[in-house]
Number of protein chains: 4
Amino acid sequence: MARDQDVLGIGMVGYAFMGRAHSQAWRNVASFFELPRRPRMAAICGRDREAVAAAAARLGWPAWETDWKRLVQRDDVDLVDVCTPGSSHAEISIAALEAGRHVLCEKPLANTVEEARAMAAAAERVAAQGVRAMVGFNFRRAPAVALARELVAAGRLGAIRHVRAAYLGSHLLDPEFPLVWRLQAEQAGSGALGDLGAHAVDLAQYLAGDRIAGVSALTETFVRERPLPGGGAHGPVTVDDAAVFIARFGGGALGSFEATRFATGHTEGLRVELNGELGSVVWELGAFNELRLFDATEDPATQGFRRVQVTRSVHPYAAAWWPEGHAIGYEHTFTHEVRDLLEAIAGGRDPVPSFADGLQVQEVLDAVQRSAASGAGWTQVGK
Amino acid sequence: MARDQDVLGIGMVGYAFMGRAHSQAWRNVASFFELPRRPRMAAICGRDREAVAAAAARLGWPAWETDWKRLVQRDDVDLVDVCTPGSSHAEISIAALEAGRHVLCEKPLANTVEEARAMAAAAERVAAQGVRAMVGFNFRRAPAVALARELVAAGRLGAIRHVRAAYLGSHLLDPEFPLVWRLQAEQAGSGALGDLGAHAVDLAQYLAGDRIAGVSALTETFVRERPLPGGGAHGPVTVDDAAVFIARFGGGALGSFEATRFATGHTEGLRVELNGELGSVVWELGAFNELRLFDATEDPATQGFRRVQVTRSVHPYAAAWWPEGHAIGYEHTFTHEVRDLLEAIAGGRDPVPSFADGLQVQEVLDAVQRSAASGAGWTQVGK
Amino acid sequence: MARDQDVLGIGMVGYAFMGRAHSQAWRNVASFFELPRRPRMAAICGRDREAVAAAAARLGWPAWETDWKRLVQRDDVDLVDVCTPGSSHAEISIAALEAGRHVLCEKPLANTVEEARAMAAAAERVAAQGVRAMVGFNFRRAPAVALARELVAAGRLGAIRHVRAAYLGSHLLDPEFPLVWRLQAEQAGSGALGDLGAHAVDLAQYLAGDRIAGVSALTETFVRERPLPGGGAHGPVTVDDAAVFIARFGGGALGSFEATRFATGHTEGLRVELNGELGSVVWELGAFNELRLFDATEDPATQGFRRVQVTRSVHPYAAAWWPEGHAIGYEHTFTHEVRDLLEAIAGGRDPVPSFADGLQVQEVLDAVQRSAASGAGWTQVGK
Amino acid sequence: MARDQDVLGIGMVGYAFMGRAHSQAWRNVASFFELPRRPRMAAICGRDREAVAAAAARLGWPAWETDWKRLVQRDDVDLVDVCTPGSSHAEISIAALEAGRHVLCEKPLANTVEEARAMAAAAERVAAQGVRAMVGFNFRRAPAVALARELVAAGRLGAIRHVRAAYLGSHLLDPEFPLVWRLQAEQAGSGALGDLGAHAVDLAQYLAGDRIAGVSALTETFVRERPLPGGGAHGPVTVDDAAVFIARFGGGALGSFEATRFATGHTEGLRVELNGELGSVVWELGAFNELRLFDATEDPATQGFRRVQVTRSVHPYAAAWWPEGHAIGYEHTFTHEVRDLLEAIAGGRDPVPSFADGLQVQEVLDAVQRSAASGAGWTQVGK
């Protein structure tokens with residue numbers, strides 16, 4: 001297999017929402033970032049021949065496949081980007097890794113702890129041969145989040161006392177919204193918890209530089225039956241509509257979490273806040289380019305939460321884009337993600353978040369589900 | 001005891017923060033509201049002769065006492081306003097009620113469920129003789145909160161799905177802050193939970209028109225020893241610095257609560273939000289005069305959270321004050337509170353929140369403490 | 001005339017909006033501030049016997065007059081507080097000053113430059129005898145404004161480049177709103193300009209520590225006829241509904257100003273911003289207790305507009321009120337105003353803003369009106 | 001010249017900030033929008049051989065030229081996208097139009113009214129042959145702006161009373177910032193006025209559906225000499241650092257405008273607000289995806305400015321991108337711009353904003369400059 005060492009061939013599985021977002025990243029990353037190795041979009045894969053062909057034309061992929069096993073084996077594919085529902089993450093990712101392909105897998109890593117554990121094990125096995133695996137918690141790559149992490153890591157907040165994170169949505173308010181795959185446990189694993197809560201958990205732990213040790217949780221399915229996508233009949237919703245939980249972190253901080261699709265008026269209401277003994281940070285997806293920062297060590301007469309516009313050339317990722325003050329948004333997190341992955345591959349480093357990180361988030365989600373199933377009792381993570 | 005039927009003599013116990021705030025209310029209520037019965041400030045009571053005399057002069061009380069038992073018995077006192085620490089609420093309030101005096105008692109109603117239960121029982125006993133008792137959850141009387149309650153009661157939000165309430169403060173960040181009475185369980189009952197969390201719980205239940213059925217809770221004391229007020233030595237902090245809990249309401253809504261004195265950057269950060277199937281409301285103490293309202297039944301193209309400036313003559317309490325747009329603030333909640341109490345007394349109605357309401361809040365706080373003590377297990381309220 | 005040297009007798013003329021607000025200040029100032037001389041509310045004056053008697057009872061004045069000339073001469077009146085429409089400010093204030101009474105006169109100082117000039121001259125004449133005169137630009141006494149002034153005066157903003165100030169209202173949108181005195185030039189002098197714009201001009205100049213040298217202005221009366229208060233017939237509106245103007249300050253800063261009663265959605269939308277070479281400040285009446293501050297000398301990575309909650313004991317006026325974080329509002333500016341006036345009288349100092357300051361604002365308003373009358377041509381202030 | 005009728009060949013002149021932004025639009029528009037004719041990036045042009053070759057590789061252009069006259073004549077170029085400094089807009093655009101190429105020209109249309117007039121005349125001449133010309137006021141294509149225009153056009157605001165628009169920046173605060181071409185009148189025409197103010201003027205007129213009739217203006221150059229880009233020596237700044245002006249619209253509305261590079265703390269602070277007799281709209285670039293809307297016809301008890309998140313499929317442009325709630329940003333305005341241009345070309349319609357629209361904005365800027373030069377006297381637009 002003789003390949004251009006400067007180029008990395010990309011194969012993608014899935015072309016829905018995440019497939020579109022990742023395609024945008026692969027298509028544009030080289031126009032903005034100096035890269036150690038240039039990505040070349042090789043082929044996209046989907047089961048429906050006509051649909052995948054149309055997606056390929058639209059999204060800029062020169063070839064397509066209908067069988068992911070063929071995609072994984074293509075000579076021109078060095079990296080497989082897994083954008084399918086969670087139920088197929090494990091099978092595809094493990095096969096790709098074992099075929100020596102790097103893998104970028106959308107979050108949550110898998111639908112169950114068992115699958116996630118197998119994936120993390122596979123990633124660990126192939127790492128020695130320079131094959132890399134990353135899970136796509138894209139919000140870590142918002143410039144404001146990256147700046148917040150730098151501040152926390154530098155000790156600017158001191159010991160963390162409180163972490164609160166929520167991802168509020170409202171797109172299931174309508175009881176006539178159909179029973180799509182995301183509302184079925186077999187395909188989606190969980191509901192708001194895995195779809196939205198996984199982001200909140202990852203961000204909270206990443207920013208705090210600490211891990212959740214235990215939780216008490218409530219979940220609820222407000223609308224228990226919904227119309228089948230085909231038409232008239234109804235079927236049961238088998239995932240949560242909402243989850244709320246409290247947590248204690250290893251380092252002693254208290255956590256408060258919420259993920260819901262029933263927070264009327266909120267759409268993509270992701271928010272995370274940390275309070276430390278020396279300061280606080282707040283980030284909200286709805287104010288994507290801003291970090292709110294409070295520094296308790298300043299002159300008391302002029303202390304206050306400040307809104308830092310994270311669009312200056314001194315800020316993470318920002319110099320690559322537009323001059324100071326020009327907003328970037330949601331899709332750019334994926335561009336940053338693939339850039340960092342390319343850097344890690346070229347540098348021979350394991351990328352973060354790793355599959356092991358993805359597994360740990362899965363263990364938190366699992367503890368939340370076990371707590372809720374037990375009637376909101378205290379449940380330790382990973383035990 | 002022949003008294004002017006148009007006048008109601010007021011006696012107050014305590015002259016610290018709450019005493020000052022209530023005095024401001026009694027001193028000014030008649031300048032703004034048409035009242036069925038005019039309050040006359042009769043006497044104030046405190047244990048320190050010099051201090052109470054100075055407070056009386058400063059706050060507009062023509063007489064003072066050093067023994068609350070004498071105050072309660074004064075001929076010119078028809079109503080006793082209890083502004084002392086929680087540990088003496090029960091004794092003073094019950095004695096006053098039994099002496100035929102109406103009582104306004106600061107929140108939380110008491111330090112324990114037992115005391116609160118005795119107070120509610122006393123209030124119930126004297127109600128038949130037209131003696132009234134009210135607990136001072138003053139934030140119900142913010143115009144924006146009163147408007148929110150009207151909207152919820154009118155069904156504008158539909159079934160409530162989520163309630164989230166927090167009262168975030170930061171005044172204990174400094175480990176050298178002294179061990180004042182609020183940090184000692186015998187006098188204060190609990191810490192952030194009773195001081196701040198009680199407001200959050202009352203507001204949440206009041207606005208939702210529903211009650212918390214059970215909770216899982218974590219509490220924490222981040223700074224375990226503090227200097228004694230007198231000087232050098234340190235003593236143990238015996239109350240919580242922070243409490244976080246999740247809750248299920250009787251009607252099925254999920255609740256998320258937080259009370260803390262360690263949320264760096266927040267001061268008086270009281271916030272409550274309700275999400276219903278038809279709409280949402282948000283109120284924050286820091287934007288006192290505003291109600292945020294989302295109406296999901298409107299044209300989708302122009303839906304959005306609106307900021308209602310609750311300062312128009314059509315709004316609760318607002319016509320009494322200044323022309324539209326002129327902000328009122330914290331202290332005015334007390335003016336509204338005493339006005340509503342005067343109306344209830346004159347109208348022969350039991351005021352709200354009643355001592356029974358105060359008892360129920362105490363039961364929620366007690367469930368939180370029991371859950372935390374049990375290691376965050378699920379705990380039913382009142383059982 | 002033997003009077004208690006520790007007490008200052010207050011007489012007030014007018015009992016409408018401003019009369020109510022000033023009464024609240026006199027009634028409460030001694031409960032919160034240590035004062036060098038205690039105010040004693042002596043008598044209030046209004047032309048309508050029944051109305052003034054009712055106002056006296058309601059607002060806490062023990063006596064009333066129907067002729068302001070009698071009020072001014074009363075033995076128990078040491079200070080006259082003028083809360084009448086602008087057309088009578090000059091006559092009452094000058095008479096009071098000449099009778100040896102201190103004067104607090106509501107803004108704008110007068111309806112014309114000529115009247116204002118006579119008032120300033122009278123104030124200057126009596127100053128030598130220790131008689132003091134102050135004009136009531138109350139917003140200078142918002143804690144956040146006072147803090148902003150301190151920061152500018154300390155050089156924290158460097159040279160000022162831009163000043164923008166607006167006072168946006170909307171209460172005249174309804175064309176059926178009646179032709180009240182504020183819409184008639186003889187009584188009100190001007191419309192939005194004098195009522196709202198005067199505040200914006202005073203705040204801008206006060207904060208900048210500089211004066212407007214010249215302006216170009218447009219004014220407009222959108223609704224030219226309105227129903228007479230009595231009923232059916234209509235009469236002409238003879239004042240402006242709105243004024244916009246640009247300005248150059250003596251020190252070179254550019255100014256942008258607006259005052260209007262037709263800014264739909266805004267009520268009491270007073271806002272002032274200064275941009276200096278080292279920093280910026282913004283204050284909005286709608287966020288009364290906050291000052292927004294930008295410091296360009298800080299680390300570029302974490303610069304941002306911060307929201308300073310001006311409620312700490314280190315802040316101007318704040319220690320007198322409630323613990324940190326408890327909002328005060330509109331009415332408290334008047335309490336601060338009378339406190340500062342009492343301090344100035346006791347200290348033998350001329351209070352600020354003085355009648356001379358009020359005259360200068362009047363000259364700016366006059367330049368605006370002359371510019372607008374000339375077709376928006378450049379017009380120098382005071383020439 | 002036989003070309004694929006489904007494809008439109010694009011040639012671009014310039015590869016700096018605007019060249020990068022427009023390239024991003026051409027590269028991605030077909031991945032998101034159904035297009036009547038697909039753009040094919042043909043060649044990019046710049047004077048520096050190495051730099052343009054590097055830009056071509058980076059931005060996705062398969063070929064490059066160093067002489068714009070060759071680019072315009074290329075067989076594979078059907079549309080010329082002019083992204084050069086304003087001083088060359090007229091020459092390039094006119095030549096391209098006369099060569100039968102459609103033109104997209106960055107704003108401001110030209111540096112002088114004379115040049116703009118020649119361009120508008122050229123556009124008018126070739127329109128009959130189906131050759132189209134558009135000026136790039138990209139902010140019209142923000143979804144929130146497009147929605148605002150729809151609301152105004154539908155009469156939802158009634159008669160417009162006030163328009164205020166500002167574009168505040170701060171990137172010239174540092175007096176050592178070098179004397180780049182944007183600070184030299186020969187190349188840039190004007191300073192903040194043409195660079196920033198042109199956007200504010202276009203947006204204000206577009207949203208109001210009305211035109212500015214006259215202005216009074218002040219301009220200022222705060223830092224008069226700056227270091228030459230090469231090194232040590234200084235040269236004179238020959239453009240404005242800031243401009244403020246008031247305006248009257250044809251329909252009677254009052255306007256207030258500001259453009260500056262010295263508003264400390266603001267970066268890309270574009271903001272426009274309209275107040276009509278029935279409602280108001282506000283849009284800020286810093287809250288790109290939001291429209292603030294006030295509807296004065298609603299129930300007074302719940303009126304308020306609402307924040308409409310303009311990311312739903314019912315909103316302009318939004319369905320093409322991500323699911324509801326996912327923010328887009330600055331660069332997407334260019335994608336919308338080229339999509340609308342492609343639609344107009346295919347549909348045989350003149351695109352908006354046309355060169356005639358660009359000329360009219362230039363006339364407003366010219367009136368501002370003439371007013372400022374005359375000492376802020378009233379100056380009619382176009383006369």
# chains A, B, ... in the order shown; residues from 1 in each chain; ligands from 1
>>> closest_atom_pairs(of="chain A", to="chain D", cutoff="9 Å", atoms="only C-alpha atoms", output="JSON lines")
{"residue": "A:Phe17", "atom": "CA", "partner": "D:Trp322", "partner_atom": "CA", "distance": 7.3}
{"residue": "A:Arg20", "atom": "CA", "partner": "D:Ser31", "partner_atom": "CA", "distance": 8.6}
{"residue": "A:Ala21", "atom": "CA", "partner": "D:Trp322", "partner_atom": "CA", "distance": 8.2}
{"residue": "A:Gln24", "atom": "CA", "partner": "D:Asn28", "partner_atom": "CA", "distance": 8.0}
{"residue": "A:Arg27", "atom": "CA", "partner": "D:Asn28", "partner_atom": "CA", "distance": 8.4}
{"residue": "A:Asn28", "atom": "CA", "partner": "D:Gln24", "partner_atom": "CA", "distance": 8.0}
{"residue": "A:Ala30", "atom": "CA", "partner": "D:Arg58", "partner_atom": "CA", "distance": 6.6}
{"residue": "A:Ser31", "atom": "CA", "partner": "D:Arg58", "partner_atom": "CA", "distance": 4.8}
{"residue": "A:Phe32", "atom": "CA", "partner": "D:Arg58", "partner_atom": "CA", "distance": 7.7}
{"residue": "A:Ala55", "atom": "CA", "partner": "D:Ser31", "partner_atom": "CA", "distance": 8.9}
{"residue": "A:Ala57", "atom": "CA", "partner": "D:Ser31", "partner_atom": "CA", "distance": 8.3}
{"residue": "A:Arg58", "atom": "CA", "partner": "D:Ser31", "partner_atom": "CA", "distance": 4.8}
{"residue": "A:Leu59", "atom": "CA", "partner": "D:Ser31", "partner_atom": "CA", "distance": 5.1}
{"residue": "A:Gly60", "atom": "CA", "partner": "D:Ser31", "partner_atom": "CA", "distance": 7.4}
{"residue": "A:Gly169", "atom": "CA", "partner": "D:Gly325", "partner_atom": "CA", "distance": 8.9}
{"residue": "A:His171", "atom": "CA", "partner": "D:Glu324", "partner_atom": "CA", "distance": 8.7}
{"residue": "A:His266", "atom": "CA", "partner": "D:Gly325", "partner_atom": "CA", "distance": 8.4}
{"residue": "A:Thr267", "atom": "CA", "partner": "D:Gly325", "partner_atom": "CA", "distance": 5.0}
{"residue": "A:Glu268", "atom": "CA", "partner": "D:Gly325", "partner_atom": "CA", "distance": 5.3}
{"residue": "A:Gly269", "atom": "CA", "partner": "D:Gly325", "partner_atom": "CA", "distance": 8.2}
{"residue": "A:Leu285", "atom": "CA", "partner": "D:Ala327", "partner_atom": "CA", "distance": 8.3}
{"residue": "A:Gly286", "atom": "CA", "partner": "D:Ala327", "partner_atom": "CA", "distance": 7.3}
{"residue": "A:Ala287", "atom": "CA", "partner": "D:Ala287", "partner_atom": "CA", "distance": 7.5}
{"residue": "A:Phe288", "atom": "CA", "partner": "D:Ala327", "partner_atom": "CA", "distance": 7.8}
{"residue": "A:Asn289", "atom": "CA", "partner": "D:Gly286", "partner_atom": "CA", "distance": 8.9}
{"residue": "A:Gln309", "atom": "CA", "partner": "D:Thr267", "partner_atom": "CA", "distance": 8.7}
{"residue": "A:Trp322", "atom": "CA", "partner": "D:Phe17", "partner_atom": "CA", "distance": 7.3}
{"residue": "A:Pro323", "atom": "CA", "partner": "D:Phe17", "partner_atom": "CA", "distance": 8.0}
{"residue": "A:Glu324", "atom": "CA", "partner": "D:Thr267", "partner_atom": "CA", "distance": 6.8}
{"residue": "A:Gly325", "atom": "CA", "partner": "D:Thr267", "partner_atom": "CA", "distance": 5.0}
{"residue": "A:His326", "atom": "CA", "partner": "D:Tyr330", "partner_atom": "CA", "distance": 5.9}
{"residue": "A:Ala327", "atom": "CA", "partner": "D:Gly329", "partner_atom": "CA", "distance": 5.2}
{"residue": "A:Ile328", "atom": "CA", "partner": "D:Gly329", "partner_atom": "CA", "distance": 5.0}
{"residue": "A:Gly329", "atom": "CA", "partner": "D:Ile328", "partner_atom": "CA", "distance": 5.1}
{"residue": "A:Tyr330", "atom": "CA", "partner": "D:Ala327", "partner_atom": "CA", "distance": 5.5}
{"residue": "A:Glu331", "atom": "CA", "partner": "D:Ile328", "partner_atom": "CA", "distance": 7.6}
>>> select_by_dssp(residues="region 276-353 of chain C", states="strand (DSSP E or B)", output="ChimeraX atom specification")
/C:276,279-284,290-295,305-309
>>> residues_around(residues="Phe305 (chain C)", least_positions_apart="5", cutoff="12 Å", atoms="only C-alpha atoms", output="PyMOL selection string")
(chain A and resi 290-294+302-309) or (chain C and resi 275+279-283+290-296+298) or (chain D and resi 264-267)
>>> residues_around(residues="region 200-213 of chain C", least_positions_apart="2", cutoff="6 Å", atoms="only C-alpha atoms", output="VMD selection string")
chain C and resid 149 165 to 166 197 to 198 248 to 250 380 to 381
>>> write_last_selection(atoms="N, CA, C and O atoms", output="PDB file, in the first residue's frame")
ATOM      1  N   ARG C 149     -17.656  57.778  37.894  1.00  0.00           N
ATOM      2  CA  ARG C 149     -17.011  59.083  37.969  1.00  0.00           C
ATOM      3  C   ARG C 149     -15.661  58.976  38.669  1.00  0.00           C
ATOM      4  O   ARG C 149     -14.678  59.590  38.252  1.00  0.00           O
ATOM      5  N   ALA C 165     -24.888  59.079  24.875  1.00  0.00           N
ATOM      6  CA  ALA C 165     -25.897  59.083  25.934  1.00  0.00           C
ATOM      7  C   ALA C 165     -27.273  59.193  25.305  1.00  0.00           C
ATOM      8  O   ALA C 165     -27.474  59.955  24.356  1.00  0.00           O
ATOM      9  N   ALA C 166     -28.181  58.419  25.821  1.00  0.00           N
ATOM     10  CA  ALA C 166     -29.549  58.447  25.320  1.00  0.00           C
ATOM     11  C   ALA C 166     -30.506  58.241  26.471  1.00  0.00           C
ATOM     12  O   ALA C 166     -30.178  57.572  27.458  1.00  0.00           O
ATOM     13  N   GLY C 197     -33.600  64.505  27.945  1.00  0.00           N
ATOM     14  CA  GLY C 197     -32.276  64.873  27.437  1.00  0.00           C
ATOM     15  C   GLY C 197     -31.426  65.590  28.472  1.00  0.00           C
ATOM     16  O   GLY C 197     -30.199  65.437  28.497  1.00  0.00           O
ATOM     17  N   ALA C 198     -32.068  66.375  29.336  1.00  0.00           N
ATOM     18  CA  ALA C 198     -31.296  67.083  30.361  1.00  0.00           C
ATOM     19  C   ALA C 198     -30.513  66.111  31.228  1.00  0.00           C
ATOM     20  O   ALA C 198     -29.356  66.359  31.585  1.00  0.00           O
ATOM     21  N   ARG C 248     -19.444  68.084  20.076  1.00  0.00           N
ATOM     22  CA  ARG C 248     -18.013  68.005  20.320  1.00  0.00           C
ATOM     23  C   ARG C 248     -17.758  68.580  21.711  1.00  0.00           C
ATOM     24  O   ARG C 248     -18.290  69.626  22.069  1.00  0.00           O
ATOM     25  N   PHE C 249     -16.995  67.836  22.504  1.00  0.00           N
ATOM     26  CA  PHE C 249     -16.660  68.289  23.851  1.00  0.00           C
ATOM     27  C   PHE C 249     -15.431  69.189  23.787  1.00  0.00           C
ATOM     28  O   PHE C 249     -14.646  69.128  22.832  1.00  0.00           O
ATOM     29  N   GLY C 250     -15.268  69.980  24.837  1.00  0.00           N
ATOM     30  CA  GLY C 250     -14.119  70.872  24.913  1.00  0.00           C
ATOM     31  C   GLY C 250     -12.796  70.136  24.759  1.00  0.00           C
ATOM     32  O   GLY C 250     -11.868  70.613  24.107  1.00  0.00           O
ATOM     33  N   GLN C 380     -22.803  76.730  18.654  1.00  0.00           N
ATOM     34  CA  GLN C 380     -21.945  76.682  19.837  1.00  0.00           C
ATOM     35  C   GLN C 380     -22.762  76.890  21.111  1.00  0.00           C
ATOM     36  O   GLN C 380     -23.730  77.658  21.130  1.00  0.00           O
ATOM     37  N   VAL C 381     -22.363  76.235  22.156  1.00  0.00           N
ATOM     38  CA  VAL C 381     -23.074  76.343  23.432  1.00  0.00           C
ATOM     39  C   VAL C 381     -22.723  77.677  24.084  1.00  0.00           C
ATOM     40  O   VAL C 381     -21.559  78.066  24.136  1.00  0.00           O
TER      41      VAL C 381
END
>>> residues_around(residues="Gly231 (chain B)", least_positions_apart="4", cutoff="12 Å", atoms="only C-alpha atoms", output="list in words")
Glu176, Phe177, Pro178, Leu179, Val180, Arg226, Pro227 and Gly235 of chain B
>>> select_by_dssp(residues="region 111-258 of chain D", states="helix (DSSP H, G or I)", output="PyMOL selection string")
chain D and resi 113-127+138-141+143-153+181-183+185-188+192-208
>>> residues_around(residues="Arg101 (chain A)", least_positions_apart="6", cutoff="7 Å", atoms="only C-alpha atoms", output="short mmCIF file (atom, residue, chain, number, x, y, z; two decimals) with N, CA and C atoms, in the first residue's frame")
data_model
loop_
_atom_site.label_atom_id
_atom_site.label_comp_id
_atom_site.auth_asym_id
_atom_site.auth_seq_id
_atom_site.Cartn_x
_atom_site.Cartn_y
_atom_site.Cartn_z
N ASP A 78 -7.17 6.14 5.03
CA ASP A 78 -6.26 5.98 6.16
C ASP A 78 -6.95 6.22 7.50
N LEU A 79 -8.07 6.91 7.43
CA LEU A 79 -8.78 7.27 8.66
C LEU A 79 -10.27 7.08 8.40
N VAL A 80 -10.95 6.46 9.36
CA VAL A 80 -12.39 6.27 9.24
C VAL A 80 -13.10 7.17 10.24
N VAL A 131 -1.58 3.63 15.39
CA VAL A 131 -2.96 3.84 14.96
C VAL A 131 -3.70 4.60 16.06
#
>>> residues_around(residues="Ala242 (chain C)", least_positions_apart="5", cutoff="10 Å", atoms="only C-alpha atoms", output="list in words")
Leu168, Gly169, Gly191, Ala192, Leu193, Leu196, Gly197, Leu218, Thr219, Glu220, Thr221, Phe222, Glu258, Ala259, Thr260, Arg261, Phe262 and Ala263 of chain C; Arg161, His162 and Leu254 of chain D
>>> closest_residue(among="A:Asp81, A:Glu284, A:Asp241, A:Glu186", to="Asn111 (chain A)", atoms="only C-alpha atoms")
A:Glu186
>>> closest_residue(among="C:Trp378, C:Phe139, C:Trp68, C:Trp61", to="Glu91 (chain C)", atoms="only C-alpha atoms")
C:Trp68
>>> decode(residues="region 56-70 of chain B", atoms="N, CA and C atoms", output="compact mmCIF listing (two decimals), in the first residue's frame")
# COMPACT_ATOMS: atom_id res chain seq x y z
N ALA B 56 -34.07 52.04 67.68
CA ALA B 56 -35.41 52.64 67.70
C ALA B 56 -35.36 54.05 67.13
N ALA B 57 -34.39 54.82 67.57
CA ALA B 57 -34.28 56.20 67.09
C ALA B 57 -34.02 56.24 65.59
N ARG B 58 -33.16 55.35 65.17
CA ARG B 58 -32.75 55.35 63.78
C ARG B 58 -33.87 54.86 62.86
N LEU B 59 -34.58 53.85 63.31
CA LEU B 59 -35.53 53.19 62.42
C LEU B 59 -36.96 53.72 62.56
N GLY B 60 -37.16 54.65 63.51
CA GLY B 60 -38.47 55.27 63.59
C GLY B 60 -39.43 54.63 64.57
N TRP B 61 -38.93 53.91 65.55
CA TRP B 61 -39.80 53.32 66.57
C TRP B 61 -39.82 54.24 67.78
N PRO B 62 -41.00 54.63 68.26
CA PRO B 62 -41.09 55.60 69.36
C PRO B 62 -40.76 54.98 70.73
N ALA B 63 -40.75 53.66 70.84
CA ALA B 63 -40.47 53.02 72.13
C ALA B 63 -39.68 51.74 71.91
N TRP B 64 -39.09 51.24 72.99
CA TRP B 64 -38.32 49.99 72.87
C TRP B 64 -38.43 49.18 74.15
N GLU B 65 -38.19 47.92 74.00
CA GLU B 65 -38.20 46.98 75.12
C GLU B 65 -36.93 46.13 75.04
N THR B 66 -36.55 45.53 76.16
CA THR B 66 -35.42 44.61 76.14
C THR B 66 -35.88 43.17 76.39
N ASP B 67 -37.14 42.98 76.67
CA ASP B 67 -37.68 41.64 76.92
C ASP B 67 -38.85 41.42 75.98
N TRP B 68 -38.71 40.44 75.11
CA TRP B 68 -39.79 40.27 74.12
C TRP B 68 -41.12 39.90 74.77
N LYS B 69 -41.07 39.32 75.97
CA LYS B 69 -42.33 38.98 76.63
C LYS B 69 -43.10 40.23 77.02
N ARG B 70 -42.39 41.28 77.34
CA ARG B 70 -43.07 42.56 77.63
C ARG B 70 -43.63 43.16 76.35
